[in-house]
$ cat structure11.cif   # mmCIF, N, CA and C atoms
data_work
#
loop_
_atom_site.label_atom_id
_atom_site.label_comp_id
_atom_site.auth_asym_id
_atom_site.auth_seq_id
_atom_site.Cartn_x
_atom_site.Cartn_y
_atom_site.Cartn_z
N MET A 1 11.36 -5.89 14.44
CA MET A 1 10.03 -5.52 14.05
C MET A 1 9.22 -6.79 13.84
N GLU A 2 8.05 -6.86 14.44
CA GLU A 2 7.23 -8.05 14.34
C GLU A 2 6.39 -8.06 13.07
N ASP A 3 6.26 -9.23 12.47
CA ASP A 3 5.38 -9.41 11.34
C ASP A 3 3.95 -9.49 11.86
N GLY A 4 2.98 -9.28 10.96
CA GLY A 4 1.59 -9.36 11.37
C GLY A 4 0.68 -9.67 10.20
N PHE A 5 -0.53 -10.08 10.52
CA PHE A 5 -1.51 -10.41 9.49
C PHE A 5 -2.89 -10.00 9.97
N ILE A 6 -3.65 -9.36 9.09
CA ILE A 6 -5.04 -9.01 9.36
C ILE A 6 -5.87 -9.65 8.25
N ALA A 7 -6.79 -10.51 8.63
CA ALA A 7 -7.64 -11.17 7.64
C ALA A 7 -8.63 -10.17 7.05
N ALA A 8 -8.97 -10.37 5.79
CA ALA A 8 -9.93 -9.50 5.12
C ALA A 8 -11.32 -9.70 5.70
N THR A 9 -12.08 -8.60 5.69
CA THR A 9 -13.50 -8.65 6.01
C THR A 9 -14.24 -8.10 4.80
N ASP A 10 -15.55 -7.93 4.94
CA ASP A 10 -16.29 -7.36 3.82
C ASP A 10 -15.99 -5.88 3.61
N ARG A 11 -15.37 -5.21 4.60
CA ARG A 11 -15.07 -3.79 4.49
C ARG A 11 -13.59 -3.45 4.61
N GLU A 12 -12.79 -4.42 4.98
CA GLU A 12 -11.38 -4.18 5.24
C GLU A 12 -10.51 -5.16 4.44
N PRO A 13 -9.38 -4.68 3.93
CA PRO A 13 -8.53 -5.56 3.13
C PRO A 13 -7.71 -6.51 3.99
N GLU A 14 -7.23 -7.55 3.35
CA GLU A 14 -6.23 -8.41 3.96
C GLU A 14 -4.93 -7.61 4.01
N VAL A 15 -4.27 -7.65 5.15
CA VAL A 15 -3.00 -6.95 5.31
C VAL A 15 -1.96 -7.95 5.82
N ALA A 16 -0.90 -8.10 5.07
CA ALA A 16 0.20 -8.97 5.48
C ALA A 16 1.44 -8.10 5.66
N LEU A 17 1.92 -8.04 6.89
CA LEU A 17 3.12 -7.27 7.22
C LEU A 17 4.26 -8.27 7.45
N HIS A 18 5.13 -8.38 6.48
CA HIS A 18 6.27 -9.29 6.57
C HIS A 18 7.55 -8.45 6.59
N PHE A 19 7.74 -7.74 7.69
CA PHE A 19 8.92 -6.89 7.81
C PHE A 19 10.20 -7.71 7.75
N SER A 20 10.14 -8.94 8.26
CA SER A 20 11.34 -9.80 8.22
C SER A 20 11.76 -10.12 6.79
N LYS A 21 10.81 -10.07 5.86
CA LYS A 21 11.10 -10.31 4.44
C LYS A 21 11.06 -9.02 3.63
N ARG A 22 10.90 -7.89 4.31
CA ARG A 22 10.83 -6.57 3.68
C ARG A 22 9.68 -6.49 2.67
N TYR A 23 8.48 -6.90 3.14
CA TYR A 23 7.34 -7.03 2.25
C TYR A 23 6.04 -6.73 2.98
N ILE A 24 5.15 -5.96 2.32
CA ILE A 24 3.79 -5.71 2.81
C ILE A 24 2.84 -5.97 1.65
N SER A 25 1.68 -6.53 1.98
CA SER A 25 0.66 -6.80 0.96
C SER A 25 -0.70 -6.30 1.46
N LEU A 26 -1.43 -5.62 0.58
CA LEU A 26 -2.80 -5.17 0.84
C LEU A 26 -3.68 -5.72 -0.27
N LYS A 27 -4.74 -6.48 0.09
CA LYS A 27 -5.61 -7.08 -0.91
C LYS A 27 -7.07 -6.99 -0.48
N GLY A 28 -7.92 -6.66 -1.44
CA GLY A 28 -9.36 -6.68 -1.17
C GLY A 28 -10.01 -5.33 -1.33
N GLU A 29 -10.98 -5.06 -0.49
CA GLU A 29 -11.69 -3.78 -0.50
C GLU A 29 -11.39 -3.04 0.79
N ALA A 30 -11.32 -1.70 0.70
CA ALA A 30 -10.94 -0.91 1.86
C ALA A 30 -11.91 0.25 2.06
N TYR A 31 -12.92 0.00 2.86
CA TYR A 31 -13.79 1.08 3.29
C TYR A 31 -14.23 0.80 4.73
N PRO A 32 -13.25 0.78 5.63
CA PRO A 32 -13.55 0.48 7.03
C PRO A 32 -14.44 1.56 7.66
N GLU A 33 -15.26 1.13 8.61
CA GLU A 33 -16.14 2.08 9.29
C GLU A 33 -15.33 3.12 10.05
N ASP A 34 -14.25 2.71 10.67
CA ASP A 34 -13.37 3.63 11.39
C ASP A 34 -11.98 3.53 10.76
N ALA A 35 -11.74 4.38 9.77
CA ALA A 35 -10.49 4.31 9.01
C ALA A 35 -9.27 4.53 9.90
N ALA A 36 -9.37 5.47 10.84
CA ALA A 36 -8.23 5.75 11.72
C ALA A 36 -7.89 4.53 12.58
N ALA A 37 -8.89 3.84 13.08
CA ALA A 37 -8.64 2.65 13.91
C ALA A 37 -8.05 1.52 13.09
N PHE A 38 -8.47 1.40 11.83
CA PHE A 38 -7.94 0.33 10.98
C PHE A 38 -6.54 0.65 10.48
N TRP A 39 -6.39 1.81 9.83
CA TRP A 39 -5.12 2.15 9.18
C TRP A 39 -4.05 2.64 10.14
N GLY A 40 -4.44 3.24 11.26
CA GLY A 40 -3.48 3.81 12.20
C GLY A 40 -2.39 2.83 12.64
N PRO A 41 -2.76 1.65 13.14
CA PRO A 41 -1.72 0.69 13.56
C PRO A 41 -0.83 0.23 12.41
N ILE A 42 -1.38 0.13 11.22
CA ILE A 42 -0.59 -0.29 10.06
C ILE A 42 0.44 0.79 9.71
N ILE A 43 0.00 2.03 9.68
CA ILE A 43 0.90 3.14 9.39
C ILE A 43 1.96 3.27 10.47
N ASN A 44 1.56 3.11 11.74
CA ASN A 44 2.53 3.18 12.84
C ASN A 44 3.56 2.06 12.75
N ALA A 45 3.12 0.85 12.41
CA ALA A 45 4.07 -0.27 12.27
C ALA A 45 5.05 0.02 11.14
N LEU A 46 4.56 0.56 10.03
CA LEU A 46 5.46 0.90 8.91
C LEU A 46 6.45 1.97 9.33
N LYS A 47 5.98 3.01 9.98
CA LYS A 47 6.88 4.09 10.40
C LYS A 47 7.91 3.59 11.41
N ASN A 48 7.51 2.68 12.31
CA ASN A 48 8.47 2.09 13.24
C ASN A 48 9.54 1.29 12.49
N TYR A 49 9.11 0.52 11.51
CA TYR A 49 10.06 -0.24 10.69
C TYR A 49 11.02 0.72 9.98
N LEU A 50 10.48 1.78 9.40
CA LEU A 50 11.32 2.73 8.67
C LEU A 50 12.30 3.44 9.59
N THR A 51 11.91 3.68 10.82
CA THR A 51 12.81 4.30 11.79
C THR A 51 13.96 3.36 12.13
N LEU A 52 13.66 2.08 12.25
CA LEU A 52 14.67 1.10 12.64
C LEU A 52 15.55 0.63 11.49
N ASP A 53 14.95 0.52 10.29
CA ASP A 53 15.66 -0.16 9.21
C ASP A 53 15.30 0.39 7.83
N ALA A 54 15.28 1.70 7.69
CA ALA A 54 14.85 2.31 6.43
C ALA A 54 15.76 1.98 5.26
N HIS A 55 17.03 1.78 5.52
CA HIS A 55 17.96 1.54 4.42
C HIS A 55 17.83 0.14 3.83
N ALA A 56 17.11 -0.74 4.54
CA ALA A 56 16.95 -2.10 4.04
C ALA A 56 15.97 -2.15 2.87
N GLY A 57 15.04 -1.21 2.81
CA GLY A 57 14.07 -1.19 1.73
C GLY A 57 12.83 -2.00 2.06
N LEU A 58 11.89 -1.98 1.12
CA LEU A 58 10.61 -2.62 1.35
C LEU A 58 9.85 -2.69 0.03
N THR A 59 9.10 -3.76 -0.17
CA THR A 59 8.20 -3.87 -1.31
C THR A 59 6.77 -3.88 -0.78
N LEU A 60 5.92 -3.11 -1.42
CA LEU A 60 4.51 -3.04 -1.06
C LEU A 60 3.69 -3.45 -2.27
N ASP A 61 2.91 -4.52 -2.12
CA ASP A 61 1.99 -4.95 -3.16
C ASP A 61 0.59 -4.49 -2.77
N ILE A 62 -0.06 -3.75 -3.67
CA ILE A 62 -1.41 -3.25 -3.43
C ILE A 62 -2.31 -3.83 -4.52
N GLU A 63 -3.29 -4.61 -4.09
CA GLU A 63 -4.27 -5.19 -5.01
C GLU A 63 -5.66 -4.93 -4.44
N LEU A 64 -6.08 -3.68 -4.54
CA LEU A 64 -7.38 -3.29 -4.00
C LEU A 64 -8.41 -3.18 -5.12
N LEU A 65 -9.58 -3.69 -4.85
CA LEU A 65 -10.67 -3.62 -5.82
C LEU A 65 -11.47 -2.33 -5.66
N TYR A 66 -11.43 -1.79 -4.44
CA TYR A 66 -12.16 -0.56 -4.14
C TYR A 66 -11.58 0.02 -2.86
N PHE A 67 -11.57 1.34 -2.73
CA PHE A 67 -11.25 1.99 -1.47
C PHE A 67 -11.98 3.32 -1.41
N ASN A 68 -12.30 3.74 -0.19
CA ASN A 68 -12.99 5.02 -0.01
C ASN A 68 -11.98 6.14 0.21
N SER A 69 -12.48 7.36 0.34
CA SER A 69 -11.58 8.51 0.45
C SER A 69 -10.71 8.46 1.71
N SER A 70 -11.24 7.95 2.80
CA SER A 70 -10.44 7.84 4.02
C SER A 70 -9.29 6.85 3.82
N SER A 71 -9.55 5.79 3.12
CA SER A 71 -8.49 4.81 2.84
C SER A 71 -7.50 5.38 1.83
N ALA A 72 -7.96 6.21 0.91
CA ALA A 72 -7.05 6.86 -0.04
C ALA A 72 -6.05 7.73 0.71
N LYS A 73 -6.52 8.45 1.72
CA LYS A 73 -5.62 9.28 2.53
C LYS A 73 -4.60 8.41 3.26
N ALA A 74 -5.06 7.29 3.80
CA ALA A 74 -4.15 6.39 4.50
C ALA A 74 -3.12 5.80 3.53
N LEU A 75 -3.57 5.42 2.35
CA LEU A 75 -2.64 4.90 1.34
C LEU A 75 -1.60 5.96 0.98
N MET A 76 -2.04 7.19 0.85
CA MET A 76 -1.11 8.27 0.52
C MET A 76 -0.08 8.45 1.64
N ASN A 77 -0.52 8.32 2.89
CA ASN A 77 0.42 8.40 4.02
C ASN A 77 1.45 7.27 3.96
N ILE A 78 1.00 6.08 3.61
CA ILE A 78 1.91 4.94 3.48
C ILE A 78 2.91 5.18 2.36
N LEU A 79 2.40 5.60 1.21
CA LEU A 79 3.28 5.83 0.06
C LEU A 79 4.26 6.97 0.31
N ASN A 80 3.81 8.03 0.95
CA ASN A 80 4.70 9.14 1.27
C ASN A 80 5.81 8.72 2.23
N ALA A 81 5.46 7.90 3.21
CA ALA A 81 6.48 7.42 4.16
C ALA A 81 7.53 6.59 3.43
N MET A 82 7.07 5.75 2.50
CA MET A 82 8.02 4.93 1.73
C MET A 82 8.86 5.80 0.81
N ASP A 83 8.26 6.82 0.21
CA ASP A 83 9.00 7.70 -0.68
C ASP A 83 10.07 8.48 0.07
N GLU A 84 9.74 8.95 1.27
CA GLU A 84 10.72 9.66 2.09
C GLU A 84 11.88 8.75 2.47
N ALA A 85 11.56 7.49 2.78
CA ALA A 85 12.62 6.55 3.12
C ALA A 85 13.48 6.24 1.89
N ALA A 86 12.85 6.14 0.73
CA ALA A 86 13.61 5.90 -0.50
C ALA A 86 14.57 7.04 -0.79
N GLN A 87 14.18 8.24 -0.42
CA GLN A 87 15.05 9.40 -0.61
C GLN A 87 16.34 9.25 0.20
N GLN A 88 16.27 8.53 1.30
CA GLN A 88 17.43 8.31 2.15
C GLN A 88 18.31 7.16 1.66
N GLY A 89 17.90 6.52 0.57
CA GLY A 89 18.76 5.51 -0.03
C GLY A 89 18.25 4.09 0.02
N GLY A 90 17.11 3.85 0.63
CA GLY A 90 16.58 2.49 0.66
C GLY A 90 15.92 2.13 -0.67
N ASP A 91 15.79 0.83 -0.92
CA ASP A 91 15.17 0.34 -2.14
C ASP A 91 13.69 0.07 -1.85
N PHE A 92 12.83 0.98 -2.28
CA PHE A 92 11.40 0.88 -1.99
C PHE A 92 10.63 0.77 -3.29
N CYS A 93 9.79 -0.28 -3.36
CA CYS A 93 9.03 -0.54 -4.58
C CYS A 93 7.56 -0.74 -4.23
N ILE A 94 6.70 -0.06 -4.95
CA ILE A 94 5.26 -0.23 -4.81
C ILE A 94 4.75 -0.86 -6.09
N ASN A 95 4.08 -1.99 -5.96
CA ASN A 95 3.45 -2.67 -7.08
C ASN A 95 1.94 -2.51 -6.96
N TRP A 96 1.36 -1.80 -7.90
CA TRP A 96 -0.08 -1.50 -7.90
C TRP A 96 -0.74 -2.45 -8.90
N TYR A 97 -1.55 -3.37 -8.40
CA TYR A 97 -2.20 -4.35 -9.26
C TYR A 97 -3.67 -3.96 -9.45
N CYS A 98 -4.13 -4.03 -10.70
CA CYS A 98 -5.54 -3.75 -10.99
C CYS A 98 -6.03 -4.69 -12.07
N GLN A 99 -7.31 -4.93 -12.04
CA GLN A 99 -7.92 -5.79 -13.05
C GLN A 99 -7.81 -5.13 -14.42
N GLU A 100 -7.71 -5.93 -15.44
CA GLU A 100 -7.48 -5.46 -16.80
C GLU A 100 -8.49 -4.40 -17.25
N GLU A 101 -9.74 -4.56 -16.89
CA GLU A 101 -10.77 -3.63 -17.36
C GLU A 101 -11.17 -2.59 -16.31
N ASP A 102 -10.44 -2.51 -15.23
CA ASP A 102 -10.77 -1.56 -14.17
C ASP A 102 -9.99 -0.26 -14.37
N GLU A 103 -10.52 0.59 -15.22
CA GLU A 103 -9.85 1.85 -15.55
C GLU A 103 -9.75 2.78 -14.35
N THR A 104 -10.73 2.73 -13.47
CA THR A 104 -10.72 3.60 -12.29
C THR A 104 -9.53 3.30 -11.40
N MET A 105 -9.30 2.01 -11.12
CA MET A 105 -8.17 1.66 -10.26
C MET A 105 -6.84 1.93 -10.95
N GLN A 106 -6.81 1.76 -12.26
CA GLN A 106 -5.58 2.09 -12.99
C GLN A 106 -5.30 3.58 -12.88
N GLU A 107 -6.33 4.41 -13.02
CA GLU A 107 -6.16 5.86 -12.90
C GLU A 107 -5.72 6.26 -11.50
N PHE A 108 -6.27 5.60 -10.48
CA PHE A 108 -5.82 5.89 -9.12
C PHE A 108 -4.34 5.56 -8.97
N GLY A 109 -3.92 4.42 -9.51
CA GLY A 109 -2.50 4.06 -9.46
C GLY A 109 -1.63 5.10 -10.12
N GLU A 110 -2.08 5.59 -11.27
CA GLU A 110 -1.31 6.63 -11.97
C GLU A 110 -1.23 7.91 -11.16
N GLU A 111 -2.34 8.28 -10.52
CA GLU A 111 -2.34 9.49 -9.69
C GLU A 111 -1.41 9.34 -8.50
N PHE A 112 -1.47 8.20 -7.82
CA PHE A 112 -0.58 7.97 -6.69
C PHE A 112 0.88 8.01 -7.14
N SER A 113 1.17 7.40 -8.28
CA SER A 113 2.56 7.34 -8.74
C SER A 113 3.13 8.73 -9.03
N GLU A 114 2.28 9.64 -9.47
CA GLU A 114 2.74 10.99 -9.80
C GLU A 114 3.20 11.78 -8.58
N SER A 115 2.76 11.37 -7.40
CA SER A 115 3.14 12.10 -6.19
C SER A 115 4.45 11.59 -5.59
N LEU A 116 5.01 10.52 -6.15
CA LEU A 116 6.24 9.95 -5.62
C LEU A 116 7.43 10.35 -6.48
N GLN A 117 8.56 10.60 -5.82
CA GLN A 117 9.77 10.98 -6.54
C GLN A 117 10.88 9.95 -6.44
N TYR A 118 10.92 9.19 -5.37
CA TYR A 118 12.09 8.35 -5.11
C TYR A 118 11.78 6.85 -5.10
N ALA A 119 10.62 6.47 -4.64
CA ALA A 119 10.25 5.06 -4.63
C ALA A 119 9.85 4.62 -6.03
N THR A 120 10.11 3.38 -6.34
CA THR A 120 9.70 2.81 -7.63
C THR A 120 8.22 2.46 -7.55
N PHE A 121 7.47 2.83 -8.56
CA PHE A 121 6.03 2.55 -8.59
C PHE A 121 5.71 1.87 -9.91
N LYS A 122 5.18 0.66 -9.82
CA LYS A 122 4.84 -0.11 -11.02
C LYS A 122 3.35 -0.42 -11.03
N ILE A 123 2.71 -0.24 -12.15
CA ILE A 123 1.30 -0.59 -12.32
C ILE A 123 1.26 -1.86 -13.15
N GLU A 124 0.66 -2.90 -12.58
CA GLU A 124 0.56 -4.20 -13.25
C GLU A 124 -0.92 -4.51 -13.48
N THR A 125 -1.24 -4.95 -14.69
CA THR A 125 -2.61 -5.32 -15.02
C THR A 125 -2.78 -6.82 -14.86
N LEU A 126 -3.85 -7.20 -14.17
CA LEU A 126 -4.16 -8.60 -13.95
C LEU A 126 -5.27 -9.03 -14.90
N THR A 127 -5.14 -10.16 -15.50
CA THR A 127 -6.21 -10.69 -16.33
C THR A 127 -7.04 -11.66 -15.50
N ILE A 128 -8.30 -11.67 -15.77
CA ILE A 128 -9.22 -12.51 -14.97
C ILE A 128 -9.18 -13.94 -15.45
#
$ encode --input "structure11.cif" --output "structure tokens"
Amino acid sequence: MEDGFIAATDREPEVALHFSKRYISLKGEAYPEDAAAFWGPIINALKNYLTLDAHAGLTLDIELLYFNSSSAKALMNILNAMDEAAQQGGDFCINWYCQEEDETMQEFGEEFSESLQYATFKIETLTI
């Protein structure tokens, strides 16, 4: 599985796919004009990795300052794929980072975590 990197723009987050290190990172703001075109390849790469090496596990760091509803759906697809793989025995961890005073992002993290049964989900508060 090839690693990849997408630089952040004013509407799209930085995405670091380090499958060789079993690590993915999402940082920034996520409200792409065409959510399917942006998130589709990322979700497909994750699903391909999970098909080939699901038992190896994966860590996902999410540090988003804002995301729109289309990106929320894509994030849920990513988290569900990881949760399903964790059910098969892999070690999957999601680290949700939010600013100390950003209650909205903390609440989103809590809502996402409630939908997962097998993957580890941690909410970490960042101080400015």
$ closest_residue --input "structure11.cif" --among "A:Glu2, A:Glu110, A:Asp102, A:Glu124" --to "Tyr49 (chain A)" --atoms "all atoms listed in the file"
A:Glu2
$ residues_around --input "structure11.cif" --residues "Thr120 (chain A)" --least-positions-apart "4" --cutoff "6.5 Å" --atoms "all atoms listed in the file" --output "list in words"
Phe92, Cys93, Ile94 and Asn95 of chain A
$ closest_residue --input "structure11.cif" --among "A:Gln117, A:Arg22, A:Ala8, A:Phe67" --to "Gln87 (chain A)" --atoms "all atoms listed in the file"
A:Gln117
$ closest_residue --input "structure11.cif" --among "A:Leu52, A:Ile43, A:Leu58, A:Leu26" --to "Asn77 (chain A)" --atoms "only C-alpha atoms"
A:Ile43
$ atom_distance --input "structure11.cif" --atom1 "CA of Ile42 (chain A)" --atom2 "CA of Ser115 (chain A)"
20.8 Å
$ resolve_selection --input "structure11.cif" --expression "the PyMOL selection byres ((chain A and resi 13) around 5)" --output "number ranges by chain"
A: 7-8, 11-12, 14-15, 27-30
$ select_by_dssp --input "structure11.cif" --residues "region 28-97 of chain A" --states "alpha helix (DSSP H)" --output "JSON, numbers by chain"
{"A": [35, 36, 37, 38, 39, 40, 41, 42, 43, 44, 45, 46, 47, 48, 49, 50, 51, 52, 53, 69, 70, 71, 72, 73, 74, 75, 76, 77, 78, 79, 80, 81, 82, 83, 84, 85, 86, 87]}
$ closest_residue --input "structure11.cif" --among "A:Met105, A:Leu116, A:Ala72, A:Leu64" --to "Glu84 (chain A)" --atoms "only C-alpha atoms"
A:Leu116
$ atom_distance --input "structure11.cif" --atom1 "CA of Cys98 (chain A)" --atom2 "atom N of Leu50 (chain A)"
26.5 Å
$ atom_distance --input "structure11.cif" --atom1 "CA of Glu101 (chain A)" --atom2 "CA of Thr9 (chain A)"
24.1 Å
$ resolve_selection --input "structure11.cif" --expression "the PyMOL selection byres (((chain A and resi 74 and name CA) around 12) and name CA)" --output "MDAnalysis selection string"
chainID A and resid 30:32 34:44 46 67:73 75:81 112
$ write_last_selection --input "structure11.cif" --atoms "N, CA and C atoms" --output "PDB file, in the coordinates of the input"
ATOM      1  N   ALA A  30     -11.320  -1.700   0.700  1.00  0.00           N
ATOM      2  CA  ALA A  30     -10.940  -0.910   1.860  1.00  0.00           C
ATOM      3  C   ALA A  30     -11.910   0.250   2.060  1.00  0.00           C
ATOM      4  N   TYR A  31     -12.920   0.000   2.860  1.00  0.00           N
ATOM      5  CA  TYR A  31     -13.790   1.080   3.290  1.00  0.00           C
ATOM      6  C   TYR A  31     -14.230   0.800   4.730  1.00  0.00           C
ATOM      7  N   PRO A  32     -13.250   0.780   5.630  1.00  0.00           N
ATOM      8  CA  PRO A  32     -13.550   0.480   7.030  1.00  0.00           C
ATOM      9  C   PRO A  32     -14.440   1.560   7.660  1.00  0.00           C
ATOM     10  N   ASP A  34     -14.250   2.710  10.670  1.00  0.00           N
ATOM     11  CA  ASP A  34     -13.370   3.630  11.390  1.00  0.00           C
ATOM     12  C   ASP A  34     -11.980   3.530  10.760  1.00  0.00           C
ATOM     13  N   ALA A  35     -11.740   4.380   9.770  1.00  0.00           N
ATOM     14  CA  ALA A  35     -10.490   4.310   9.010  1.00  0.00           C
ATOM     15  C   ALA A  35      -9.270   4.530   9.900  1.00  0.00           C
ATOM     16  N   ALA A  36      -9.370   5.470  10.840  1.00  0.00           N
ATOM     17  CA  ALA A  36      -8.230   5.750  11.720  1.00  0.00           C
ATOM     18  C   ALA A  36      -7.890   4.530  12.580  1.00  0.00           C
ATOM     19  N   ALA A  37      -8.890   3.840  13.080  1.00  0.00           N
ATOM     20  CA  ALA A  37      -8.640   2.650  13.910  1.00  0.00           C
ATOM     21  C   ALA A  37      -8.050   1.520  13.090  1.00  0.00           C
ATOM     22  N   PHE A  38      -8.470   1.400  11.830  1.00  0.00           N
ATOM     23  CA  PHE A  38      -7.940   0.330  10.980  1.00  0.00           C
ATOM     24  C   PHE A  38      -6.540   0.650  10.480  1.00  0.00           C
ATOM     25  N   TRP A  39      -6.390   1.810   9.830  1.00  0.00           N
ATOM     26  CA  TRP A  39      -5.120   2.150   9.180  1.00  0.00           C
ATOM     27  C   TRP A  39      -4.050   2.640  10.140  1.00  0.00           C
ATOM     28  N   GLY A  40      -4.440   3.240  11.260  1.00  0.00           N
ATOM     29  CA  GLY A  40      -3.480   3.810  12.200  1.00  0.00           C
ATOM     30  C   GLY A  40      -2.390   2.830  12.640  1.00  0.00           C
ATOM     31  N   PRO A  41      -2.760   1.650  13.140  1.00  0.00           N
ATOM     32  CA  PRO A  41      -1.720   0.690  13.560  1.00  0.00           C
ATOM     33  C   PRO A  41      -0.830   0.230  12.410  1.00  0.00           C
ATOM     34  N   ILE A  42      -1.380   0.130  11.220  1.00  0.00           N
ATOM     35  CA  ILE A  42      -0.590  -0.290  10.060  1.00  0.00           C
ATOM     36  C   ILE A  42       0.440   0.790   9.710  1.00  0.00           C
ATOM     37  N   ILE A  43       0.000   2.030   9.680  1.00  0.00           N
ATOM     38  CA  ILE A  43       0.900   3.140   9.390  1.00  0.00           C
ATOM     39  C   ILE A  43       1.960   3.270  10.470  1.00  0.00           C
ATOM     40  N   ASN A  44       1.560   3.110  11.740  1.00  0.00           N
ATOM     41  CA  ASN A  44       2.530   3.180  12.840  1.00  0.00           C
ATOM     42  C   ASN A  44       3.560   2.060  12.750  1.00  0.00           C
ATOM     43  N   LEU A  46       4.560   0.560  10.030  1.00  0.00           N
ATOM     44  CA  LEU A  46       5.460   0.900   8.910  1.00  0.00           C
ATOM     45  C   LEU A  46       6.450   1.970   9.330  1.00  0.00           C
ATOM     46  N   PHE A  67     -11.570   1.340  -2.730  1.00  0.00           N
ATOM     47  CA  PHE A  67     -11.250   1.990  -1.470  1.00  0.00           C
ATOM     48  C   PHE A  67     -11.980   3.320  -1.410  1.00  0.00           C
ATOM     49  N   ASN A  68     -12.300   3.740  -0.190  1.00  0.00           N
ATOM     50  CA  ASN A  68     -12.990   5.020  -0.010  1.00  0.00           C
ATOM     51  C   ASN A  68     -11.980   6.140   0.210  1.00  0.00           C
ATOM     52  N   SER A  69     -12.480   7.360   0.340  1.00  0.00           N
ATOM     53  CA  SER A  69     -11.580   8.510   0.450  1.00  0.00           C
ATOM     54  C   SER A  69     -10.710   8.460   1.710  1.00  0.00           C
ATOM     55  N   SER A  70     -11.240   7.950   2.800  1.00  0.00           N
ATOM     56  CA  SER A  70     -10.440   7.840   4.020  1.00  0.00           C
ATOM     57  C   SER A  70      -9.290   6.850   3.820  1.00  0.00           C
ATOM     58  N   SER A  71      -9.550   5.790   3.120  1.00  0.00           N
ATOM     59  CA  SER A  71      -8.490   4.810   2.840  1.00  0.00           C
ATOM     60  C   SER A  71      -7.500   5.380   1.830  1.00  0.00           C
ATOM     61  N   ALA A  72      -7.960   6.210   0.910  1.00  0.00           N
ATOM     62  CA  ALA A  72      -7.050   6.860  -0.040  1.00  0.00           C
ATOM     63  C   ALA A  72      -6.050   7.730   0.710  1.00  0.00           C
ATOM     64  N   LYS A  73      -6.520   8.450   1.720  1.00  0.00           N
ATOM     65  CA  LYS A  73      -5.620   9.280   2.530  1.00  0.00           C
ATOM     66  C   LYS A  73      -4.600   8.410   3.260  1.00  0.00           C
ATOM     67  N   LEU A  75      -3.570   5.420   2.350  1.00  0.00           N
ATOM     68  CA  LEU A  75      -2.640   4.900   1.340  1.00  0.00           C
ATOM     69  C   LEU A  75      -1.600   5.960   0.980  1.00  0.00           C
ATOM     70  N   MET A  76      -2.040   7.190   0.850  1.00  0.00           N
ATOM     71  CA  MET A  76      -1.110   8.270   0.520  1.00  0.00           C
ATOM     72  C   MET A  76      -0.080   8.450   1.640  1.00  0.00           C
ATOM     73  N   ASN A  77      -0.520   8.320   2.890  1.00  0.00           N
ATOM     74  CA  ASN A  77       0.420   8.400   4.020  1.00  0.00           C
ATOM     75  C   ASN A  77       1.450   7.270   3.960  1.00  0.00           C
ATOM     76  N   ILE A  78       1.000   6.080   3.610  1.00  0.00           N
ATOM     77  CA  ILE A  78       1.910   4.940   3.480  1.00  0.00           C
ATOM     78  C   ILE A  78       2.910   5.180   2.360  1.00  0.00           C
ATOM     79  N   LEU A  79       2.400   5.600   1.210  1.00  0.00           N
ATOM     80  CA  LEU A  79       3.280   5.830   0.060  1.00  0.00           C
ATOM     81  C   LEU A  79       4.260   6.970   0.310  1.00  0.00           C
ATOM     82  N   ASN A  80       3.810   8.030   0.950  1.00  0.00           N
ATOM     83  CA  ASN A  80       4.700   9.140   1.270  1.00  0.00           C
ATOM     84  C   ASN A  80       5.810   8.720   2.230  1.00  0.00           C
ATOM     85  N   ALA A  81       5.460   7.900   3.210  1.00  0.00           N
ATOM     86  CA  ALA A  81       6.480   7.420   4.160  1.00  0.00           C
ATOM     87  C   ALA A  81       7.530   6.590   3.430  1.00  0.00           C
ATOM     88  N   PHE A 112      -1.470   8.200  -7.820  1.00  0.00           N
ATOM     89  CA  PHE A 112      -0.580   7.970  -6.690  1.00  0.00           C
ATOM     90  C   PHE A 112       0.880   8.010  -7.140  1.00  0.00           C
TER      91      PHE A 112
END
